[in-house]
Amino acid sequence: MENKGYSRAKKSKTSLKALSKLKNISSQKLYLAPKSEPIRVQTLDGKITFSSSLQVLEDVSFARSDNNLDFAKNISDQLQKSFSQNDREMNLSSRQFKSHEKSIKKFNSSLANSNSEFQQTITKQTEIFSITNSLHSIQTLPQFLLKLNSLKGYEACQLLVHERGSLNVNSFFYGTGKNLDFSSTSTKKFNDIFNLIKKSKNRDFNQTQILESELNIVGTFLAQEFNSKTHRLVLILSRNDFLPPSSEDRDYFDKLSLILDPMLERFLQIDLQNAKNNHTILLFESLPIPMALADENQNILFQNKLFSDEIVNEFKKDAGRFTVSSLSNGQQLICLPVGFDKTTADIHHHQRVSLLGELLNTLRHELSNPLFGVNLASDLLKSEFNDEEMTTTISHISDNTSRCQTIIKNFSNLYQKDDQSYQINLSLFIKEVITLTKSESRGIKKNVLIQDVKFLKNFEITKNQTWLYQILFNLMINSAQAIASSIQDIKMPTIELKVTYNKKEQELNFTVKDNGPGIPIDLAPDVFDPFFTTKRNGTGLGLSICRNLSHKLGGQLKYQNNELSIGATFTLTLPIDSLGAYL
Amino acid sequence: MNSPRILIIEDELLIQRSLKKMLEKKGAVVDAFSSGREAIPVLLSKDYDRIVCDLMLQDVTGFDVIEEAKQKYSLKEIGSLFIIITAYSSQQVLDKAAQYGCQVLSKPFEDLERALDIFLCTKEKSEL
């Protein structure tokens, strides 16, 4: 990947930074490489340029913009430009083709009039003309030629195709009774063959002249080179024997070549066009932005990888939220509304978590010093006083500061960075979670059930504590808020946190069950959707993040309303491995 | 035994005063400063049995104070003389302190009495 073609991308490091802001692209070298064709992404003058290693493809460039709509419009412009350009080229080549056709007709009629000996040739010409209608691609040309009556006795046909600028030469070989054989060869060897054929005066060829393994033919052969703006080709026909071809065959072959020339050109243009289209689609697919193409009735015709089925559903529900820009052919390019997609939500969330972690770390250090001072001072004062009431009060001060210190310490422990692992006993961990939800769950009874206590008591969590903590913390807070928001009076507001161990599946189950109002049945399918919320100040991210995190841990998060009583139950199932727990 | 002479450099006043009082109660003679710059000339001119120094001072760091103390003490003396107290006991800090041979106590102290003993030189480093 480090060849000279990419040097421009490397030079513009700073602009690449701008690109990386576009989405979660962290690397400065950006190579989108779907399948075998590497696509180069580079930025120049604030424009992001995608290009491929296929030299025939012009670079398609997109202007970067903070606004998705601008970005989409820019892409649509570029796509149109690239498509219409291709159309022009196509028209051009078919015009060329038509003029060739005319000249051949002229040639044929003059031939027919001038010499009756050529009667046979004329029937052959008719057959040649049928080619223009029945041959459809360059790959099948060898096969097609060998089936022609006029070329009876010919057993092998090979077509070598070199796209100018490309390092490889494609070879299509067909021998009677064989399958089409596709291979590729080097440009150097192709050049040798091409020049040999081009410079030959008597046009007599045999195998001994070209002892190249790239040619699959045996003995003498007919050969013709073709030269076009974009390609060079060599066509070879052989009987696989050592008799020189008859002059009749030679004549026929020359005319055939004359006719084939514009056809080949046209086929190659079509191939190029297809390659271009495929590439444009590939680019579209691998764009780091979710995008889709729809017809005028907003039926989605094509969606790229990031435009997931979930987003499609969302689009069907409420297309108005999406950013739509119309193309000139009536089709529409669809982008997500700003802040919609999950990746963004995820990024925001992670930013928040890491910010929170840093914040907590700072808080811990900045608060622990003064708290320690208070602690020391109260210890000192305690020893100064004999008055019992006074010493008790001072003890309270001391106890409270100790508690503050513990809470701060717990918080920053729970928000450890991923690479900082620490070990914590499961029941202790649950205790910490409960402690930290205290303020939100005031007045609510909390039952902690750790089933199979003997067994689970010894469980040590060695990794992913932060994620587990976030999930459980969120579920607890949700339950507490649901209970608090209930219109009806709940007699004994209770949240139950239960941990069970499934030995057979090697899984841990955490259930958070409350006797709050539960979730209305019609809203239940949406609770895990990002930005779905029933709270006035909710972000709608809590449960969506919980589910994401549990998936990342290889587990599941499920919801059901309680069967026998009111309230909701969330069940988190995690493989033991994900927590690194051991006995 | 003479009463131990202790210098405390700590900018959190509550900590500084409390430690001073506690150590004095235990019979030590204590000087205390909030600023590293003010403490440096004093530690160069007066002899102490123990220097307890906070790492994150308002003006300079505890390591800066130790660097200044090199004018007067050998590296070996510094190692046994200085105790660093800090709320930021990262591995980096511990490594650097180890270069000087200094002991580091994290704030808050896990065991106050033990910390006071260390400051009073009643426990030697080898016992820690």
# chains A, B, ... in the order shown; residues from 1 in each chain; ligands from 1

$ interface_residues --of "chain B" --to "chain A" --cutoff "6 Å" --atoms "only C-alpha atoms" --output "PyMOL selection string"
chain B and resi 14-15+18+87+108

$ write_last_selection --atoms "N, CA and C atoms" --output "JSON list (two decimals), in the first residue's frame"
[["chain", "number", "residue", "atom", "x", "y", "z"],
["B", 14, "LEU", "N", -5.49, 23.09, 56.63],
["B", 14, "LEU", "CA", -6.05, 22.19, 57.65],
["B", 14, "LEU", "C", -5.12, 21.02, 57.91],
["B", 15, "ILE", "N", -4.57, 20.48, 56.84],
["B", 15, "ILE", "CA", -3.66, 19.35, 56.99],
["B", 15, "ILE", "C", -2.39, 19.80, 57.70],
["B", 18, "SER", "N", -3.08, 20.64, 61.44],
["B", 18, "SER", "CA", -3.42, 19.46, 62.23],
["B", 18, "SER", "C", -2.18, 18.61, 62.46],
["B", 87, "ALA", "N", -1.54, 13.45, 47.15],
["B", 87, "ALA", "CA", -2.84, 12.89, 46.82],
["B", 87, "ALA", "C", -2.79, 12.22, 45.44],
["B", 108, "PRO", "N", -5.45, 10.37, 51.50],
["B", 108, "PRO", "CA", -5.42, 10.33, 52.97],
["B", 108, "PRO", "C", -4.60, 9.14, 53.49]]

$ select_by_dssp --residues "chain B" --states "strand (DSSP E or B)" --output "ChimeraX atom specification"
/B:5-9,29-33,50-54,56,61,82-86,103-106

$ write_last_selection --atoms "N, CA and C atoms" --output "mmCIF file, in the first residue's frame"
data_model
loop_
_atom_site.group_PDB
_atom_site.id
_atom_site.type_symbol
_atom_site.label_atom_id
_atom_site.label_comp_id
_atom_site.auth_asym_id
_atom_site.auth_seq_id
_atom_site.Cartn_x
_atom_site.Cartn_y
_atom_site.Cartn_z
ATOM 1 N N ARG B 5 13.189 17.412 65.321
ATOM 2 C CA ARG B 5 12.852 18.665 64.646
ATOM 3 C C ARG B 5 12.277 18.324 63.266
ATOM 4 N N ILE B 6 11.079 18.790 63.057
ATOM 5 C CA ILE B 6 10.386 18.418 61.815
ATOM 6 C C ILE B 6 9.984 19.667 61.035
ATOM 7 N N LEU B 7 10.202 19.584 59.702
ATOM 8 C CA LEU B 7 9.732 20.658 58.833
ATOM 9 C C LEU B 7 8.579 20.126 57.986
ATOM 10 N N ILE B 8 7.442 20.834 58.024
ATOM 11 C CA ILE B 8 6.303 20.425 57.200
ATOM 12 C C ILE B 8 6.090 21.459 56.100
ATOM 13 N N ILE B 9 6.068 20.987 54.840
ATOM 14 C CA ILE B 9 5.726 21.877 53.730
ATOM 15 C C ILE B 9 4.455 21.343 53.099
ATOM 16 N N VAL B 29 9.431 19.346 67.637
ATOM 17 C CA VAL B 29 9.506 20.780 67.374
ATOM 18 C C VAL B 29 9.223 20.937 65.883
ATOM 19 N N VAL B 30 8.149 21.641 65.556
ATOM 20 C CA VAL B 30 7.697 21.640 64.169
ATOM 21 C C VAL B 30 7.686 23.038 63.580
ATOM 22 N N ASP B 31 8.290 23.158 62.374
ATOM 23 C CA ASP B 31 8.108 24.362 61.562
ATOM 24 C C ASP B 31 7.228 23.987 60.390
ATOM 25 N N ALA B 32 6.321 24.890 60.007
ATOM 26 C CA ALA B 32 5.420 24.552 58.900
ATOM 27 C C ALA B 32 5.329 25.706 57.908
ATOM 28 N N PHE B 33 5.322 25.344 56.632
ATOM 29 C CA PHE B 33 5.214 26.358 55.560
ATOM 30 C C PHE B 33 4.187 25.908 54.526
ATOM 31 N N ARG B 50 13.578 15.507 60.057
ATOM 32 C CA ARG B 50 12.623 15.000 59.078
ATOM 33 C C ARG B 50 12.010 16.164 58.316
ATOM 34 N N ILE B 51 11.897 16.020 56.997
ATOM 35 C CA ILE B 51 11.188 17.026 56.213
ATOM 36 C C ILE B 51 10.011 16.350 55.523
ATOM 37 N N VAL B 52 8.802 16.774 55.899
ATOM 38 C CA VAL B 52 7.593 16.209 55.301
ATOM 39 C C VAL B 52 7.114 17.198 54.246
ATOM 40 N N CYS B 53 7.082 16.740 52.999
ATOM 41 C CA CYS B 53 6.838 17.694 51.924
ATOM 42 C C CYS B 53 5.706 17.231 50.996
ATOM 43 N N ASP B 54 4.772 18.111 50.788
ATOM 44 C CA ASP B 54 3.688 17.830 49.840
ATOM 45 C C ASP B 54 4.260 17.925 48.430
ATOM 46 N N MET B 56 2.377 18.526 45.425
ATOM 47 C CA MET B 56 1.743 19.567 44.612
ATOM 48 C C MET B 56 1.547 20.822 45.440
ATOM 49 N N THR B 61 7.070 22.209 42.991
ATOM 50 C CA THR B 61 6.712 20.842 43.378
ATOM 51 C C THR B 61 7.654 20.370 44.464
ATOM 52 N N PHE B 82 13.741 13.089 53.670
ATOM 53 C CA PHE B 82 12.471 13.551 53.098
ATOM 54 C C PHE B 82 11.388 12.483 53.104
ATOM 55 N N ILE B 83 10.185 12.891 53.445
ATOM 56 C CA ILE B 83 9.000 12.056 53.237
ATOM 57 C C ILE B 83 8.066 12.850 52.320
ATOM 58 N N ILE B 84 7.657 12.244 51.239
ATOM 59 C CA ILE B 84 6.745 12.944 50.329
ATOM 60 C C ILE B 84 5.319 12.526 50.641
ATOM 61 N N ILE B 85 4.456 13.521 50.795
ATOM 62 C CA ILE B 85 3.043 13.178 50.967
ATOM 63 C C ILE B 85 2.282 13.740 49.764
ATOM 64 N N THR B 86 1.390 12.931 49.199
ATOM 65 C CA THR B 86 0.719 13.374 47.985
ATOM 66 C C THR B 86 -0.652 12.729 47.819
ATOM 67 N N GLN B 103 10.561 8.124 50.673
ATOM 68 C CA GLN B 103 9.338 7.393 50.896
ATOM 69 C C GLN B 103 8.143 8.265 50.509
ATOM 70 N N VAL B 104 7.103 7.629 49.966
ATOM 71 C CA VAL B 104 5.894 8.366 49.590
ATOM 72 C C VAL B 104 4.728 7.877 50.428
ATOM 73 N N LEU B 105 4.001 8.820 51.030
ATOM 74 C CA LEU B 105 2.771 8.479 51.742
ATOM 75 C C LEU B 105 1.597 9.111 51.007
ATOM 76 N N SER B 106 0.611 8.276 50.652
ATOM 77 C CA SER B 106 -0.566 8.807 49.960
ATOM 78 C C SER B 106 -1.524 9.437 50.946
#

$ select_by_dssp --residues "chain B" --states "alpha helix (DSSP H)" --output "number ranges by chain"
B: 13-25, 36-45, 62-69, 75-81, 91-100, 112-119

$ residues_around --residues "Tyr100 in chain B" --least-positions-apart "4" --cutoff "10 Å" --atoms "only C-alpha atoms" --output "PyMOL selection string"
chain B and resi 63+66-67+75-80+82+95-96

$ residues_around --residues "Pro41 in chain B" --least-positions-apart "6" --cutoff "12 Å" --atoms "only C-alpha atoms" --output "number ranges by chain"
B: 33, 35, 47, 65, 68-69, 71-72

$ closest_residue --among "B:Leu55, B:Ala115, B:Val60, B:Leu23" --to "Ala97 in chain B" --atoms "only C-alpha atoms"
B:Leu55
